[in-house]
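Comments concern the structure below.
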Amino acid sequence: MKHRIISFVLALFALFFLCSCMDGLDNDLESDVCAKYTFYSGNPNDSDSYYSTNPASATAKYLIGSSISRSELPTASNGLTSFNSSSVDNSVKYWHYGYEVTGWCFYRNSNTGSTDVPSNVIVNDDIVESLTITPQPLEFYAEDWEAITYYVYFDANGGSGSTTLTCTYDKTYTIPSLSVSRSGYIFKGWGTSSDSSEVSYVEGNSFANLTGETGETVTFYAIWLPETVTISFDANGGSGTMSSVTLTYPNSAGTALTNTFTKTYYNFAGWNTASDGSGTLYADGYVFDASTWPTADLTLYAQWGWKISDIDTSGTVSINYYTSGDNLVLDVTSSNVTYSSYSWLLDEVSKSTTSTLTIPFSDLSTSSTSNHLVIFKGIDTTGKIYVAYFTFSYGN
């Protein structure tokens, strides 16, 4: 008896597997165990239905003898999960994205063309409530579509006052006034990630259709600014000392970031959040206010530029060039100068810190209208700076 039960279960599993196969079954075998049901995006015979402007359909293969409830019929939630289809584009949710099928109506028998509701299909006010799968191929159409519901969660992100807003697709909403708070911080607005410092929405901004997935939650995160920030200063190769300053939002006193560092033969060129100048640049005397308030304590690095007034022009500096194999080589001739360091720039990009610059021809543009700029900077043993430049074009 046990073997018969196992065999029966395996047989049912095999039939289910056969109905879930895409291709490769013998047509006669498939028709013996599965029935094909077709679903349309609207009534094909009704010029006012969604189908008239957005025709879409899909065919499902169901196991003969099985029962299907209304909730198991295709929806924007389950797409074609019960269907023999792997095409996302063919999924019910993409027929009318952001909308849900309100219910399915019987259309006709594919074989006979009859529009009479068969006995194996149970309807209520024309909406299919359940059906038992028979060998007859049947067709159904979406009774109507309604906008899906999704949720927007306003995450206080370390503070208090989180709340959820229920939204409907294709409706426009405004960011509400919410009582969020966090000790020691100022609320700035809402971002799209928990670690973001960029405000995407503030109170009163409009939004719509943040997702077309029914029941999905979209999260906005509160962005906070510290009430007090400490700004530290780094001479970055210069001389002198500067004490850090503590600013209190929104810096009503107007405390300025005024430099007192110095560097021989260089001019102060501002502050930067990165020592190499790749970060955010602030001018000397910059004043943080409510609109530019830092998200955390900062260290600002002095930036230095060549002090042209201190460049010694008593030595004659000239750039020489010649070719060597597939390279262009440049060096300098200077009178009365002994260099302690060299710097070469090609088109504003640092290329060498030796006495010569070697440029592969493959790095150069072959356009006759493209000019290249070479700048040489040398510092002598006394710290004085010498500069020369050279422009050229390279053609075939």
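Residue numbering restarts at 1 for every chain of the structure tokens, chains are lettered A, B, ... in their displayed order, and ligands are numbered from 1 as they appear.
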*Please provide the set of residues having any atom within 12 Å of range 153-161 of chain A, restricted to only C-alpha atoms, with same-chain residues fewer than 2 positions apart removed, written as number ranges by chain.*
A: 150-151, 163-167, 175-196, 201-203, 210, 216-225
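The nearest approach to Val317 in chain A among the residues A:Tyr386, A:Asn43, A:Phe268, A:Leu346, with only C-alpha atoms taken into account, belongs to A:Tyr386.
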*Could you pull out the residues in range 151-269 of chain A that DSSP calls strand (DSSP E) from the backbone, as a ChimeraX atom specification?*
/A:151-155,163-168,172-174,185-191,206-208,217-226,228-234,245-248,266-269
Could those residues be written to a file, using N, CA and C atoms, as a compact mmCIF listing (two decimals), in the first residue's frame?
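selection_35.txt was written with the following content:
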# COMPACT_ATOMS: atom_id res chain seq x y z
N TYR A 151 4.17 52.26 -0.14
CA TYR A 151 4.37 52.99 1.12
C TYR A 151 5.69 53.76 1.08
N VAL A 152 5.67 54.91 1.72
CA VAL A 152 6.90 55.70 1.89
C VAL A 152 7.17 55.79 3.38
N TYR A 153 8.32 55.26 3.77
CA TYR A 153 8.70 55.25 5.18
C TYR A 153 9.72 56.35 5.42
N PHE A 154 9.40 57.25 6.32
CA PHE A 154 10.31 58.34 6.68
C PHE A 154 11.09 57.90 7.91
N ASP A 155 12.34 57.50 7.67
CA ASP A 155 13.20 56.94 8.72
C ASP A 155 13.94 58.08 9.42
N THR A 163 7.79 57.75 10.52
CA THR A 163 6.39 57.52 10.18
C THR A 163 6.27 56.96 8.77
N THR A 164 5.09 56.40 8.47
CA THR A 164 4.85 55.79 7.16
C THR A 164 3.68 56.49 6.48
N LEU A 165 3.84 56.75 5.19
CA LEU A 165 2.79 57.38 4.38
C LEU A 165 2.30 56.36 3.35
N THR A 166 0.99 56.16 3.28
CA THR A 166 0.41 55.24 2.30
C THR A 166 0.11 56.01 1.02
N CYS A 167 0.60 55.49 -0.13
CA CYS A 167 0.49 56.20 -1.40
C CYS A 167 -0.17 55.32 -2.46
N THR A 168 -0.74 55.97 -3.45
CA THR A 168 -1.36 55.29 -4.58
C THR A 168 -0.65 55.70 -5.85
N THR A 172 -0.05 62.38 -6.89
CA THR A 172 1.07 63.22 -6.47
C THR A 172 0.91 63.58 -4.99
N TYR A 173 2.02 63.52 -4.28
CA TYR A 173 2.03 63.81 -2.85
C TYR A 173 3.10 64.85 -2.54
N THR A 174 2.99 65.46 -1.39
CA THR A 174 4.01 66.41 -0.94
C THR A 174 4.64 65.88 0.33
N TYR A 185 21.64 67.59 17.06
CA TYR A 185 21.66 67.69 15.61
C TYR A 185 20.55 68.58 15.09
N ILE A 186 20.77 69.10 13.87
CA ILE A 186 19.80 69.92 13.16
C ILE A 186 19.27 69.12 11.97
N PHE A 187 17.95 69.04 11.84
CA PHE A 187 17.36 68.32 10.71
C PHE A 187 17.51 69.15 9.43
N LYS A 188 18.03 68.50 8.37
CA LYS A 188 18.29 69.22 7.11
C LYS A 188 17.30 68.85 6.01
N GLY A 189 16.84 67.63 5.98
CA GLY A 189 15.93 67.17 4.92
C GLY A 189 15.97 65.66 4.82
N TRP A 190 15.52 65.14 3.68
CA TRP A 190 15.42 63.70 3.48
C TRP A 190 16.32 63.24 2.34
N GLY A 191 17.04 62.14 2.57
CA GLY A 191 17.89 61.55 1.54
C GLY A 191 17.41 60.15 1.20
N SER A 206 7.21 67.82 -4.02
CA SER A 206 6.25 66.86 -4.57
C SER A 206 6.95 65.58 -5.01
N PHE A 207 6.21 64.48 -4.96
CA PHE A 207 6.71 63.23 -5.50
C PHE A 207 5.54 62.38 -5.96
N ALA A 208 5.81 61.46 -6.87
CA ALA A 208 4.78 60.54 -7.38
C ALA A 208 5.48 59.31 -7.95
N THR A 217 7.79 49.16 -0.08
CA THR A 217 8.08 50.32 0.77
C THR A 217 9.33 51.03 0.28
N VAL A 218 9.21 52.32 0.03
CA VAL A 218 10.34 53.17 -0.33
C VAL A 218 10.73 53.97 0.92
N THR A 219 12.01 53.98 1.23
CA THR A 219 12.46 54.63 2.47
C THR A 219 13.21 55.92 2.19
N PHE A 220 12.83 56.98 2.89
CA PHE A 220 13.58 58.22 2.93
C PHE A 220 14.23 58.31 4.30
N TYR A 221 15.49 58.81 4.31
CA TYR A 221 16.24 58.88 5.56
C TYR A 221 16.50 60.33 5.95
N ALA A 222 16.28 60.62 7.23
CA ALA A 222 16.56 61.97 7.73
C ALA A 222 18.06 62.24 7.62
N ILE A 223 18.39 63.44 7.18
CA ILE A 223 19.78 63.89 7.12
C ILE A 223 19.97 64.91 8.24
N TRP A 224 20.97 64.65 9.05
CA TRP A 224 21.21 65.48 10.23
C TRP A 224 22.55 66.22 10.12
N LEU A 225 22.55 67.43 10.64
CA LEU A 225 23.77 68.21 10.74
C LEU A 225 24.10 68.42 12.22
N PRO A 226 25.36 68.26 12.59
CA PRO A 226 25.72 68.47 14.01
C PRO A 226 25.55 69.94 14.39
N THR A 228 27.26 71.51 16.56
CA THR A 228 28.60 72.10 16.66
C THR A 228 29.57 71.26 15.85
N VAL A 229 30.51 71.91 15.20
CA VAL A 229 31.56 71.23 14.44
C VAL A 229 32.90 71.86 14.79
N THR A 230 33.92 71.02 14.79
CA THR A 230 35.28 71.51 15.05
C THR A 230 36.07 71.49 13.74
N ILE A 231 36.65 72.63 13.40
CA ILE A 231 37.45 72.76 12.19
C ILE A 231 38.92 72.84 12.59
N SER A 232 39.71 71.88 12.10
CA SER A 232 41.15 71.87 12.36
C SER A 232 41.90 72.27 11.10
N PHE A 233 43.13 72.76 11.28
CA PHE A 233 43.89 73.29 10.15
C PHE A 233 45.25 72.60 10.06
N ASP A 234 45.66 72.27 8.84
CA ASP A 234 46.94 71.60 8.59
C ASP A 234 47.76 72.48 7.63
N VAL A 245 38.97 75.65 15.52
CA VAL A 245 37.84 76.49 15.94
C VAL A 245 36.61 75.62 16.03
N THR A 246 35.75 75.91 16.98
CA THR A 246 34.47 75.21 17.14
C THR A 246 33.35 76.16 16.75
N LEU A 247 32.55 75.73 15.78
CA LEU A 247 31.45 76.55 15.28
C LEU A 247 30.13 75.99 15.77
N THR A 248 29.21 76.89 16.11
CA THR A 248 27.87 76.50 16.53
C THR A 248 26.87 76.92 15.47
N TYR A 266 55.87 80.54 -1.90
CA TYR A 266 54.53 80.09 -2.29
C TYR A 266 53.48 81.07 -1.77
N ASN A 267 52.40 81.17 -2.51
CA ASN A 267 51.23 81.91 -2.07
C ASN A 267 50.18 80.94 -1.54
N PHE A 268 49.43 81.36 -0.54
CA PHE A 268 48.32 80.55 -0.04
C PHE A 268 47.21 80.56 -1.08
N ALA A 269 46.70 79.36 -1.41
CA ALA A 269 45.71 79.25 -2.49
C ALA A 269 44.36 78.72 -2.00
*Find the residues around Val349 in chain A up to 12 Å (only C-alpha atoms counted), leave out those fewer than 5 positions away in its own chain, and share them as a PyMOL selection string.*
chain A and resi 343-344+372-376
